[in-house]
>>> print(open('my_file_14.cif').read())   # mmCIF, C-alpha atoms and all ligand atoms
data_run
loop_
_atom_site.label_atom_id
_atom_site.label_comp_id
_atom_site.auth_asym_id
_atom_site.auth_seq_id
_atom_site.Cartn_x
_atom_site.Cartn_y
_atom_site.Cartn_z
CA MET A 1 -13.38 1.48 -13.29
CA ARG A 2 -13.23 5.26 -13.32
CA GLY A 3 -11.51 7.30 -10.63
CA LEU A 4 -9.21 4.72 -9.02
CA LYS A 5 -5.94 5.73 -10.69
CA ASN A 6 -3.36 7.09 -8.26
CA LYS A 7 -5.83 6.94 -5.33
CA GLY A 8 -4.49 6.14 -1.85
CA VAL A 9 -6.20 2.91 -0.76
CA VAL A 10 -6.16 1.26 2.69
CA ILE A 11 -7.02 -2.45 2.87
CA THR A 12 -7.34 -4.46 6.09
CA GLY A 13 -6.78 -8.19 5.79
CA GLY A 14 -4.96 -7.63 2.50
CA SER A 15 -2.51 -10.51 2.83
CA ARG A 16 -4.82 -13.41 1.96
CA GLY A 17 -8.05 -14.44 0.23
CA ILE A 18 -10.43 -11.67 -0.81
CA GLY A 19 -8.17 -8.88 0.51
CA LEU A 20 -5.17 -10.17 -1.43
CA ALA A 21 -7.17 -10.40 -4.69
CA THR A 22 -8.46 -6.89 -3.99
CA ALA A 23 -4.95 -5.49 -3.50
CA ARG A 24 -3.99 -6.99 -6.86
CA ARG A 25 -7.08 -5.53 -8.57
CA PHE A 26 -6.54 -2.01 -7.20
CA LEU A 27 -2.88 -2.08 -8.26
CA GLU A 28 -4.07 -3.05 -11.75
CA GLU A 29 -6.41 -0.02 -11.59
CA GLY A 30 -3.38 2.20 -10.83
CA SER A 31 -4.16 2.81 -7.13
CA ARG A 32 -1.49 3.01 -4.41
CA ILE A 33 -1.99 0.64 -1.48
CA TYR A 34 -1.25 0.43 2.24
CA PHE A 35 -2.56 -2.78 3.81
CA CYS A 36 -2.38 -4.89 6.95
CA GLY A 37 -2.60 -8.55 7.83
CA LEU A 38 -2.21 -10.53 11.00
CA GLU A 39 0.73 -12.74 10.02
CA ALA A 40 4.14 -11.15 9.33
CA ASP A 41 5.22 -13.78 6.77
CA GLU A 42 2.03 -13.29 4.71
CA VAL A 43 2.41 -9.51 4.80
CA ALA A 44 6.02 -9.75 3.58
CA GLN A 45 5.10 -12.26 0.88
CA THR A 46 2.25 -10.06 -0.38
CA ILE A 47 4.56 -7.04 -0.68
CA GLN A 48 7.12 -9.16 -2.53
CA ASP A 49 4.55 -10.69 -4.90
CA LEU A 50 2.56 -7.55 -5.70
CA SER A 51 5.29 -4.87 -5.79
CA PRO A 52 5.99 -5.48 -9.50
CA LEU A 53 2.39 -4.33 -10.19
CA GLY A 54 2.67 -0.93 -8.48
CA THR A 55 3.06 0.93 -5.20
CA ILE A 56 2.18 -1.27 -2.24
CA GLN A 57 3.27 -1.11 1.39
CA GLY A 58 1.93 -2.90 4.42
CA GLN A 59 2.44 -3.98 8.00
CA VAL A 60 1.21 -6.35 10.66
CA CYS A 61 -1.75 -5.01 12.66
CA ASP A 62 -4.44 -6.61 14.79
CA VAL A 63 -7.44 -4.44 13.92
CA SER A 64 -9.21 -5.33 17.18
CA ASP A 65 -6.44 -3.64 19.21
CA GLU A 66 -7.20 0.09 19.43
CA GLU A 67 -3.58 1.20 19.74
CA GLN A 68 -2.54 -0.91 16.78
CA ALA A 69 -5.50 0.29 14.70
CA ILE A 70 -4.64 3.95 15.39
CA GLN A 71 -0.96 3.38 14.57
CA PHE A 72 -1.80 1.51 11.35
CA VAL A 73 -4.09 4.22 9.99
CA ALA A 74 -1.58 6.96 10.90
CA ALA A 75 1.17 5.02 9.09
CA ALA A 76 -1.12 4.51 6.09
CA GLU A 77 -1.85 8.23 5.81
CA GLU A 78 1.83 9.06 6.09
CA ALA A 79 2.75 6.50 3.41
CA LEU A 80 -0.07 7.43 1.00
CA GLY A 81 -0.04 11.17 1.61
CA GLY A 82 -3.81 11.06 2.25
CA ILE A 83 -6.37 8.24 2.28
CA ASP A 84 -8.97 8.32 -0.50
CA ILE A 85 -10.46 4.83 -0.13
CA LEU A 86 -10.89 2.38 2.76
CA LEU A 87 -11.67 -1.28 2.13
CA ASP A 88 -12.41 -2.49 5.68
CA ASN A 89 -12.10 -6.17 4.93
CA ALA A 90 -10.45 -8.14 7.77
CA GLY A 91 -12.63 -10.78 9.40
CA ILE A 92 -12.61 -14.23 10.96
CA ALA A 93 -15.12 -17.10 11.20
CA TRP A 94 -15.55 -20.61 12.44
CA GLU A 95 -18.46 -23.01 12.92
CA GLU A 96 -19.95 -23.53 16.36
CA ASN A 97 -23.36 -24.72 17.56
CA PHE A 98 -25.32 -21.93 19.21
CA LEU A 99 -26.13 -24.05 22.29
CA GLU A 100 -22.43 -24.69 22.95
CA MET A 101 -21.13 -21.24 22.03
CA THR A 102 -18.85 -19.80 24.73
CA ALA A 103 -18.73 -16.13 25.68
CA GLU A 104 -14.99 -16.13 24.88
CA HIS A 105 -15.61 -17.32 21.32
CA TRP A 106 -18.46 -14.82 20.90
CA ASP A 107 -16.18 -11.99 22.09
CA LYS A 108 -13.33 -13.07 19.79
CA ILE A 109 -15.46 -13.02 16.62
CA LEU A 110 -17.14 -9.75 17.56
CA SER A 111 -13.84 -8.11 18.55
CA VAL A 112 -12.23 -8.67 15.14
CA ASN A 113 -15.26 -8.48 12.84
CA LEU A 114 -17.14 -5.61 14.49
CA ARG A 115 -14.87 -3.74 16.93
CA GLY A 116 -11.94 -3.95 14.49
CA MET A 117 -14.11 -2.79 11.59
CA PHE A 118 -15.34 0.16 13.69
CA LEU A 119 -11.88 1.17 14.96
CA ILE A 120 -10.33 1.26 11.49
CA ALA A 121 -13.37 3.01 9.97
CA ARG A 122 -13.41 5.66 12.72
CA GLU A 123 -9.71 6.43 12.36
CA VAL A 124 -9.83 6.66 8.56
CA SER A 125 -13.05 8.72 8.64
CA LYS A 126 -11.52 11.27 11.04
CA ARG A 127 -8.64 11.77 8.63
CA MET A 128 -10.91 11.96 5.57
CA VAL A 129 -13.06 14.61 7.26
CA ALA A 130 -10.00 16.63 8.34
CA ARG A 131 -8.57 16.48 4.81
CA ALA A 132 -11.92 17.62 3.32
CA SER A 133 -11.38 15.77 0.02
CA GLY A 134 -14.25 13.29 0.37
CA GLY A 135 -13.61 9.59 0.04
CA ALA A 136 -15.13 6.14 -0.30
CA ILE A 137 -15.42 3.48 2.37
CA VAL A 138 -16.53 -0.11 1.83
CA LEU A 139 -17.21 -2.31 4.85
CA MET A 140 -17.06 -6.09 4.38
CA ALA A 141 -20.35 -7.62 5.58
CA SER A 142 -21.65 -10.91 4.14
CA LYS A 143 -24.83 -12.53 2.87
CA ASN A 144 -24.81 -13.83 6.47
CA GLY A 145 -25.55 -10.26 7.55
CA LEU A 146 -28.83 -10.50 5.63
CA ALA A 147 -29.92 -14.09 6.33
CA GLY A 148 -29.07 -16.60 9.03
CA GLU A 149 -26.96 -19.74 8.69
CA VAL A 150 -26.70 -22.51 11.26
CA LYS A 151 -23.51 -22.70 13.36
CA TYR A 152 -22.58 -19.07 12.72
CA ALA A 153 -24.59 -17.11 15.35
CA HIS A 154 -21.55 -15.00 16.37
CA TYR A 155 -20.41 -14.43 12.78
CA ASN A 156 -23.92 -13.67 11.50
CA ALA A 157 -24.51 -11.21 14.36
CA SER A 158 -21.22 -9.42 13.59
CA LYS A 159 -22.06 -9.12 9.90
CA GLY A 160 -25.63 -7.91 10.50
CA ALA A 161 -24.25 -5.25 12.83
CA ILE A 162 -21.73 -4.13 10.20
CA ILE A 163 -24.62 -3.28 7.87
CA MET A 164 -26.14 -0.98 10.50
CA LEU A 165 -22.71 0.51 11.24
CA MET A 166 -22.40 1.25 7.52
CA LYS A 167 -25.84 2.88 7.32
CA THR A 168 -25.16 5.11 10.33
CA MET A 169 -21.73 6.09 9.00
CA ALA A 170 -23.42 6.95 5.68
CA LEU A 171 -25.78 9.36 7.48
CA GLU A 172 -22.97 11.09 9.37
CA LEU A 173 -20.28 11.10 6.69
CA GLY A 174 -22.39 11.83 3.57
CA PRO A 175 -22.37 15.59 4.29
CA HIS A 176 -18.55 15.41 4.16
CA GLY A 177 -18.63 13.85 0.69
CA ILE A 178 -17.58 10.46 2.01
CA ARG A 179 -19.54 7.57 0.48
CA VAL A 180 -20.03 4.49 2.67
CA ASN A 181 -21.34 1.13 1.45
CA ALA A 182 -21.07 -2.56 2.32
CA LEU A 183 -20.40 -5.75 0.40
CA CYS A 184 -22.36 -8.94 1.08
CA PRO A 185 -20.62 -11.86 -0.62
CA GLY A 186 -22.01 -15.36 -0.53
CA TYR A 187 -19.70 -18.37 -0.48
CA ILE A 188 -16.26 -17.37 -1.80
CA LEU A 189 -13.48 -19.94 -2.06
CA THR A 190 -10.64 -18.52 0.10
CA PRO A 191 -8.23 -19.91 2.72
CA LEU A 192 -10.88 -18.99 5.35
CA ALA A 193 -13.57 -21.06 3.61
CA GLU A 194 -11.15 -23.94 2.98
CA SER A 195 -10.15 -23.95 6.66
CA ILE A 196 -13.79 -24.63 7.61
CA ASP A 197 -15.28 -26.78 4.84
CA SER A 198 -14.19 -29.99 3.12
CA PRO A 199 -14.25 -30.30 -0.70
CA GLU A 200 -17.19 -32.71 -0.27
CA PHE A 201 -19.14 -30.12 1.73
CA ILE A 202 -18.47 -27.47 -0.91
CA ALA A 203 -19.53 -29.82 -3.74
CA ALA A 204 -22.89 -30.35 -1.99
CA TYR A 205 -23.25 -26.69 -0.98
CA VAL A 206 -23.30 -25.46 -4.57
CA ASN A 207 -26.73 -27.09 -4.95
CA ASN A 208 -28.02 -24.07 -2.94
CA ILE A 209 -26.53 -21.62 -5.43
CA PRO A 210 -28.51 -21.00 -8.65
CA LEU A 211 -25.31 -20.26 -10.61
CA GLY A 212 -24.12 -23.74 -9.57
CA ARG A 213 -20.73 -22.71 -8.20
CA VAL A 214 -19.05 -20.82 -5.37
CA GLY A 215 -17.53 -17.38 -5.94
CA ARG A 216 -13.92 -16.38 -6.55
CA PRO A 217 -11.96 -13.74 -4.59
CA GLU A 218 -11.42 -11.83 -7.87
CA GLU A 219 -15.20 -11.44 -8.22
CA VAL A 220 -15.40 -9.77 -4.82
CA ALA A 221 -12.39 -7.60 -5.71
CA ALA A 222 -14.32 -6.38 -8.76
CA ALA A 223 -17.27 -5.41 -6.55
CA TYR A 224 -14.94 -3.55 -4.17
CA ALA A 225 -13.50 -1.71 -7.17
CA PHE A 226 -16.97 -0.75 -8.41
CA LEU A 227 -18.22 0.55 -5.04
CA ALA A 228 -15.01 2.54 -4.46
CA SER A 229 -14.96 4.00 -7.99
CA ASP A 230 -16.61 7.05 -9.51
CA ASP A 231 -18.88 4.63 -11.41
CA ALA A 232 -20.73 4.19 -8.08
CA SER A 233 -20.84 7.94 -7.34
CA PHE A 234 -24.53 7.92 -6.26
CA MET A 235 -24.36 4.66 -4.28
CA HIS A 236 -24.32 5.49 -0.59
CA GLY A 237 -25.60 3.75 2.55
CA THR A 238 -26.40 0.52 0.77
CA GLU A 239 -25.26 -3.10 0.66
CA LEU A 240 -24.30 -4.96 -2.52
CA LEU A 241 -25.09 -8.67 -2.54
CA LEU A 242 -22.98 -11.00 -4.70
CA ASP A 243 -23.97 -14.57 -3.95
CA GLY A 244 -24.64 -16.36 -7.24
CA GLY A 245 -28.37 -15.95 -6.56
CA GLN A 246 -28.41 -17.89 -3.29
CA LEU A 247 -30.68 -15.46 -1.43
CA ALA A 248 -33.02 -15.12 -4.40
CA GLN A 249 -34.77 -18.33 -3.37
N1 LIG B 1 -14.84 -16.38 2.14
C1 LIG B 1 -16.13 -16.17 2.16
O1 LIG B 1 -16.95 -17.03 1.78
C2 LIG B 1 -16.69 -14.86 2.66
C3 LIG B 1 -18.03 -14.57 2.42
C4 LIG B 1 -18.55 -13.37 2.88
C5 LIG B 1 -17.74 -12.47 3.56
N2 LIG B 1 -16.44 -12.78 3.78
C6 LIG B 1 -15.63 -11.81 4.52
O2 LIG B 1 -14.55 -11.38 3.72
C7 LIG B 1 -13.46 -11.00 4.56
C8 LIG B 1 -12.20 -11.71 4.09
O3 LIG B 1 -12.44 -13.11 4.19
P1 LIG B 1 -11.50 -14.19 3.48
O4 LIG B 1 -12.37 -15.34 3.17
O5 LIG B 1 -10.67 -13.55 2.44
O6 LIG B 1 -10.58 -14.59 4.76
P2 LIG B 1 -9.06 -15.12 4.85
O7 LIG B 1 -8.95 -15.83 6.16
O8 LIG B 1 -8.70 -15.84 3.60
O9 LIG B 1 -8.24 -13.75 4.95
C9 LIG B 1 -8.46 -12.93 6.08
C10 LIG B 1 -7.49 -11.78 6.09
O10 LIG B 1 -7.77 -11.00 7.28
C11 LIG B 1 -6.61 -10.90 8.07
N3 LIG B 1 -6.98 -10.86 9.49
C12 LIG B 1 -7.59 -11.80 10.23
N4 LIG B 1 -7.73 -11.38 11.51
C13 LIG B 1 -7.19 -10.13 11.56
C14 LIG B 1 -7.02 -9.18 12.59
N5 LIG B 1 -7.41 -9.41 13.85
N6 LIG B 1 -6.42 -8.00 12.28
C15 LIG B 1 -6.00 -7.75 11.03
N7 LIG B 1 -6.13 -8.61 10.00
C16 LIG B 1 -6.72 -9.79 10.28
C17 LIG B 1 -5.75 -12.10 7.72
O11 LIG B 1 -4.39 -11.84 8.03
C18 LIG B 1 -6.03 -12.21 6.21
O12 LIG B 1 -5.23 -11.27 5.51
C19 LIG B 1 -13.89 -11.33 5.99
O13 LIG B 1 -14.40 -10.17 6.62
C20 LIG B 1 -15.00 -12.35 5.78
O14 LIG B 1 -15.92 -12.38 6.85
C21 LIG B 1 -15.89 -13.95 3.34
#
>>> encode(input="my_file_14.cif", output="structure tokens")
Amino acid sequence: MRGLKNKGVVITGGSRGIGLATARRFLEEGSRIYFCGLEADEVAQTIQDLSPLGTIQGQVCDVSDEEQAIQFVAAAEEALGGIDILLDNAGIAWEENFLEMTAEHWDKILSVNLRGMFLIAREVSKRMVARASGGAIVLMASKNGLAGEVKYAHYNASKGAIIMLMKTMALELGPHGIRVNALCPGYILTPLAESIDSPEFIAAYVNNIPLGRVGRPEEVAAAYAFLASDDASFMHGTELLLDGGQLAQ
């Protein structure tokens, strides 16, 4: 991709799954990375594993905690000497019937997936505007932000809201030269997906996907790289669906 070399890139949830594959991809593109994850051992392991590929630093941060989010973004700017790209990726999910859904569980999903996404995006955007060098922001939504799925009312609501957050940010930040878009992956095989679904469930699920398989984290990393790159220089305020054709039917 064009325009990623030497860029300062912030990734939330970069220690596992899609975020980890994305950190690897951006290092291969020559970007410099500052990331966070929730678990200290995963953050340390990621730095150890990926450091041979390029410049990568990271820390533990709970994105739903405002103080931690502010501290993380300040540390990222200090380490990178300016943030060019934000990949706002951290998110959680679990299955739960709507009729039994508790307010506590609703709040937990929304606090990480939506409040956390907002807090990090606001802090990075403030710094991008102050620096006046433009930038690119990609928010992680989901195909579940575009179509419903049973047992995921809280998750689906958080992802639908992220798409509207992205569109509003695009309106307000476009005049500052900051592009804002969202990714909508379908089923991607990651530790999150494997924590919810059995191999038998996944084998049956692929019948709903015209390409006949689930996606790989590296395929989402490639879409992140495209949206953040100069190759997507006129893409703004839009969502990119990568779901093996699932929503085409
Ligand atoms: N896997 C899929 O099928 C799929 C599909 C569509 C969208 N997504 C979205 O992609 C993103 C990544 O999902 P994944 O499957 O790689 O998940 P994962 O569980 O494999 O990895 C999640 C990452 O987020 C971090 N994280 C979790 N809670 C956090 C918090 N409060 N603060 C900071 N970091 C936190 C974890 O430490 C980890 O690094 C999520 O937003 C998810 O909703 C996933």
>>> residues_around(input="my_file_14.cif", residues="Pro210 of chain A", least_positions_apart="5", cutoff="7 Å", atoms="only C-alpha atoms", output="PyMOL selection string")
chain A and resi 244-246
>>> residues_around(input="my_file_14.cif", residues="Gln57 of chain A", least_positions_apart="6", cutoff="12 Å", atoms="only C-alpha atoms", output="PyMOL selection string")
chain A and resi 8-11+14-15+23+27+31-37+43-51+72+75-80
>>> write_last_selection(input="my_file_14.cif", atoms="C-alpha atoms", output="short mmCIF file (atom, residue, chain, number, x, y, z; two decimals), in the frame of the given file")
data_model
loop_
_atom_site.label_atom_id
_atom_site.label_comp_id
_atom_site.auth_asym_id
_atom_site.auth_seq_id
_atom_site.Cartn_x
_atom_site.Cartn_y
_atom_site.Cartn_z
CA GLY A 8 -4.49 6.14 -1.85
CA VAL A 9 -6.20 2.91 -0.76
CA VAL A 10 -6.16 1.26 2.69
CA ILE A 11 -7.02 -2.45 2.87
CA GLY A 14 -4.96 -7.63 2.50
CA SER A 15 -2.51 -10.51 2.83
CA ALA A 23 -4.95 -5.49 -3.50
CA LEU A 27 -2.88 -2.08 -8.26
CA SER A 31 -4.16 2.81 -7.13
CA ARG A 32 -1.49 3.01 -4.41
CA ILE A 33 -1.99 0.64 -1.48
CA TYR A 34 -1.25 0.43 2.24
CA PHE A 35 -2.56 -2.78 3.81
CA CYS A 36 -2.38 -4.89 6.95
CA GLY A 37 -2.60 -8.55 7.83
CA VAL A 43 2.41 -9.51 4.80
CA ALA A 44 6.02 -9.75 3.58
CA GLN A 45 5.10 -12.26 0.88
CA THR A 46 2.25 -10.06 -0.38
CA ILE A 47 4.56 -7.04 -0.68
CA GLN A 48 7.12 -9.16 -2.53
CA ASP A 49 4.55 -10.69 -4.90
CA LEU A 50 2.56 -7.55 -5.70
CA SER A 51 5.29 -4.87 -5.79
CA PHE A 72 -1.80 1.51 11.35
CA ALA A 75 1.17 5.02 9.09
CA ALA A 76 -1.12 4.51 6.09
CA GLU A 77 -1.85 8.23 5.81
CA GLU A 78 1.83 9.06 6.09
CA ALA A 79 2.75 6.50 3.41
CA LEU A 80 -0.07 7.43 1.00
#
>>> residues_near_ligand(input="my_file_14.cif", ligand="ligand LIG 1 (chain B)", cutoff="6 Å", atoms="only C-alpha atoms and all ligand atoms", output="compact mmCIF listing (two decimals) with C-alpha atoms, in the frame of the given file")
# COMPACT_ATOMS: atom_id res chain seq x y z
CA THR A 12 -7.34 -4.46 6.09
CA GLY A 13 -6.78 -8.19 5.79
CA GLY A 14 -4.96 -7.63 2.50
CA SER A 15 -2.51 -10.51 2.83
CA ARG A 16 -4.82 -13.41 1.96
CA GLY A 17 -8.05 -14.44 0.23
CA ILE A 18 -10.43 -11.67 -0.81
CA GLY A 19 -8.17 -8.88 0.51
CA GLY A 37 -2.60 -8.55 7.83
CA LEU A 38 -2.21 -10.53 11.00
CA GLU A 39 0.73 -12.74 10.02
CA CYS A 61 -1.75 -5.01 12.66
CA ASP A 62 -4.44 -6.61 14.79
CA VAL A 63 -7.44 -4.44 13.92
CA SER A 64 -9.21 -5.33 17.18
CA ASN A 89 -12.10 -6.17 4.93
CA ALA A 90 -10.45 -8.14 7.77
CA GLY A 91 -12.63 -10.78 9.40
CA ILE A 92 -12.61 -14.23 10.96
CA VAL A 112 -12.23 -8.67 15.14
CA MET A 140 -17.06 -6.09 4.38
CA ALA A 141 -20.35 -7.62 5.58
CA SER A 142 -21.65 -10.91 4.14
CA PRO A 185 -20.62 -11.86 -0.62
CA GLY A 186 -22.01 -15.36 -0.53
CA TYR A 187 -19.70 -18.37 -0.48
CA ILE A 188 -16.26 -17.37 -1.80
CA LEU A 189 -13.48 -19.94 -2.06
CA THR A 190 -10.64 -18.52 0.10
CA PRO A 191 -8.23 -19.91 2.72
CA LEU A 192 -10.88 -18.99 5.35
CA ALA A 193 -13.57 -21.06 3.61
>>> closest_residue(input="my_file_14.cif", among="A:His154, A:Arg216, A:Arg179, A:Arg115", to="Ala232 of chain A", atoms="all atoms listed in the file")
A:Arg179
>>> atom_distance(input="my_file_14.cif", atom1="atom CA of Glu219 of chain A", atom2="atom CA of Pro199 of chain A")
20.3 Å
>>> atom_distance(input="my_file_14.cif", atom1="atom CA of Asn181 of chain A", atom2="atom CA of Gly145 of chain A")
13.6 Å
>>> residues_around(input="my_file_14.cif", residues="Gly160 of chain A", least_positions_apart="2", cutoff="12 Å", atoms="only C-alpha atoms", output="ChimeraX atom specification")
/A:110,113-114,139-148,152-158,162-167,182-184,239
>>> residues_around(input="my_file_14.cif", residues="Pro175 of chain A", least_positions_apart="2", cutoff="12 Å", atoms="all atoms listed in the file", output="PyMOL selection string")
chain A and resi 129+132-135+169-173+177-180+236
>>> write_last_selection(input="my_file_14.cif", atoms="C-alpha atoms", output="mmCIF file, in the coordinates of the input")
data_model
loop_
_atom_site.group_PDB
_atom_site.id
_atom_site.type_symbol
_atom_site.label_atom_id
_atom_site.label_comp_id
_atom_site.auth_asym_id
_atom_site.auth_seq_id
_atom_site.Cartn_x
_atom_site.Cartn_y
_atom_site.Cartn_z
ATOM 1 C CA VAL A 129 -13.060 14.610 7.260
ATOM 2 C CA ALA A 132 -11.920 17.620 3.320
ATOM 3 C CA SER A 133 -11.380 15.770 0.020
ATOM 4 C CA GLY A 134 -14.250 13.290 0.370
ATOM 5 C CA GLY A 135 -13.610 9.590 0.040
ATOM 6 C CA MET A 169 -21.730 6.090 9.000
ATOM 7 C CA ALA A 170 -23.420 6.950 5.680
ATOM 8 C CA LEU A 171 -25.780 9.360 7.480
ATOM 9 C CA GLU A 172 -22.970 11.090 9.370
ATOM 10 C CA LEU A 173 -20.280 11.100 6.690
ATOM 11 C CA GLY A 177 -18.630 13.850 0.690
ATOM 12 C CA ILE A 178 -17.580 10.460 2.010
ATOM 13 C CA ARG A 179 -19.540 7.570 0.480
ATOM 14 C CA VAL A 180 -20.030 4.490 2.670
ATOM 15 C CA HIS A 236 -24.320 5.490 -0.590
#
>>> atom_distance(input="my_file_14.cif", atom1="atom CA of Trp94 of chain A", atom2="atom CA of Ala222 of chain A")
25.6 Å
>>> closest_residue(input="my_file_14.cif", among="A:Gly237, A:Gly116, A:Pro217, A:Gly3", to="Leu20 of chain A", atoms="all atoms listed in the file")
A:Pro217
>>> closest_residue(input="my_file_14.cif", among="A:Val150, A:Ile196, A:Met117, A:Leu247", to="Leu99 of chain A", atoms="only C-alpha atoms")
A:Val150
>>> closest_residue(input="my_file_14.cif", among="A:Ile209, A:Val138, A:Ile202, A:Ile120", to="Tyr224 of chain A", atoms="all atoms listed in the file")
A:Val138
>>> closest_residue(input="my_file_14.cif", among="A:Ala93, A:Leu4, A:Ala40, A:Ile83", to="Ser125 of chain A", atoms="all atoms listed in the file")
A:Ile83
>>> closest_residue(input="my_file_14.cif", among="A:Arg131, A:Lys126, A:Lys151, A:Arg213", to="Glu100 of chain A", atoms="all atoms listed in the file")
A:Lys151
>>> axis_aligned_box(input="my_file_14.cif", around="segment 135-141 of chain A", padding_each_side="4 Å", output="JSON")
{"center_x": -17.0, "center_y": 1.0, "center_z": 2.6, "size_x": 14.7, "size_y": 25.2, "size_z": 13.9}
>>> build_atoms(input="my_file_14.cif", residues="segment 19-35 of chain A", atoms="N, CA, C and O atoms", output="mmCIF file, keeping the file's coordinate frame")
data_model
loop_
_atom_site.group_PDB
_atom_site.id
_atom_site.type_symbol
_atom_site.label_atom_id
_atom_site.label_comp_id
_atom_site.auth_asym_id
_atom_site.auth_seq_id
_atom_site.Cartn_x
_atom_site.Cartn_y
_atom_site.Cartn_z
ATOM 1 N N GLY A 19 -8.969 -10.107 0.379
ATOM 2 C CA GLY A 19 -8.170 -8.880 0.510
ATOM 3 C C GLY A 19 -6.960 -8.886 -0.405
ATOM 4 O O GLY A 19 -6.598 -7.849 -0.985
ATOM 5 N N LEU A 20 -6.336 -10.040 -0.550
ATOM 6 C CA LEU A 20 -5.170 -10.170 -1.430
ATOM 7 C C LEU A 20 -5.583 -9.955 -2.898
ATOM 8 O O LEU A 20 -4.924 -9.212 -3.638
ATOM 9 N N ALA A 21 -6.673 -10.588 -3.312
ATOM 10 C CA ALA A 21 -7.170 -10.400 -4.690
ATOM 11 C C ALA A 21 -7.548 -8.943 -4.925
ATOM 12 O O ALA A 21 -7.372 -8.408 -6.025
ATOM 13 N N THR A 22 -8.043 -8.292 -3.881
ATOM 14 C CA THR A 22 -8.460 -6.890 -3.990
ATOM 15 C C THR A 22 -7.236 -5.975 -4.124
ATOM 16 O O THR A 22 -7.250 -5.019 -4.909
ATOM 17 N N ALA A 23 -6.183 -6.275 -3.370
ATOM 18 C CA ALA A 23 -4.950 -5.490 -3.500
ATOM 19 C C ALA A 23 -4.437 -5.583 -4.931
ATOM 20 O O ALA A 23 -4.071 -4.576 -5.551
ATOM 21 N N ARG A 24 -4.445 -6.795 -5.479
ATOM 22 C CA ARG A 24 -3.990 -6.990 -6.860
ATOM 23 C C ARG A 24 -4.845 -6.175 -7.835
ATOM 24 O O ARG A 24 -4.331 -5.491 -8.705
ATOM 25 N N ARG A 25 -6.173 -6.235 -7.670
ATOM 26 C CA ARG A 25 -7.080 -5.530 -8.570
ATOM 27 C C ARG A 25 -6.868 -4.007 -8.523
ATOM 28 O O ARG A 25 -6.830 -3.330 -9.553
ATOM 29 N N PHE A 26 -6.717 -3.465 -7.309
ATOM 30 C CA PHE A 26 -6.540 -2.010 -7.200
ATOM 31 C C PHE A 26 -5.185 -1.571 -7.745
ATOM 32 O O PHE A 26 -5.070 -0.480 -8.305
ATOM 33 N N LEU A 27 -4.163 -2.420 -7.626
ATOM 34 C CA LEU A 27 -2.880 -2.080 -8.260
ATOM 35 C C LEU A 27 -3.049 -2.061 -9.778
ATOM 36 O O LEU A 27 -2.524 -1.181 -10.463
ATOM 37 N N GLU A 28 -3.811 -3.023 -10.301
ATOM 38 C CA GLU A 28 -4.070 -3.050 -11.750
ATOM 39 C C GLU A 28 -4.833 -1.795 -12.195
ATOM 40 O O GLU A 28 -4.698 -1.345 -13.334
ATOM 41 N N GLU A 29 -5.647 -1.244 -11.290
ATOM 42 C CA GLU A 29 -6.410 -0.020 -11.590
ATOM 43 C C GLU A 29 -5.535 1.227 -11.445
ATOM 44 O O GLU A 29 -6.000 2.350 -11.690
ATOM 45 N N GLY A 30 -4.291 1.051 -10.971
ATOM 46 C CA GLY A 30 -3.380 2.200 -10.830
ATOM 47 C C GLY A 30 -3.428 2.876 -9.474
ATOM 48 O O GLY A 30 -2.860 3.957 -9.291
ATOM 49 N N SER A 31 -4.121 2.250 -8.480
ATOM 50 C CA SER A 31 -4.160 2.810 -7.130
ATOM 51 C C SER A 31 -2.851 2.521 -6.402
ATOM 52 O O SER A 31 -2.086 1.637 -6.794
ATOM 53 N N ARG A 32 -2.624 3.271 -5.315
ATOM 54 C CA ARG A 32 -1.490 3.010 -4.410
ATOM 55 C C ARG A 32 -2.055 2.423 -3.118
ATOM 56 O O ARG A 32 -3.102 2.884 -2.633
ATOM 57 N N ILE A 33 -1.379 1.420 -2.556
ATOM 58 C CA ILE A 33 -1.990 0.640 -1.480
ATOM 59 C C ILE A 33 -1.148 0.609 -0.210
ATOM 60 O O ILE A 33 0.080 0.474 -0.260
ATOM 61 N N TYR A 34 -1.845 0.728 0.932
ATOM 62 C CA TYR A 34 -1.250 0.430 2.240
ATOM 63 C C TYR A 34 -2.189 -0.568 2.920
ATOM 64 O O TYR A 34 -3.373 -0.285 3.075
ATOM 65 N N PHE A 35 -1.681 -1.728 3.291
ATOM 66 C CA PHE A 35 -2.560 -2.780 3.810
ATOM 67 C C PHE A 35 -2.020 -3.351 5.119
ATOM 68 O O PHE A 35 -0.862 -3.113 5.487
#
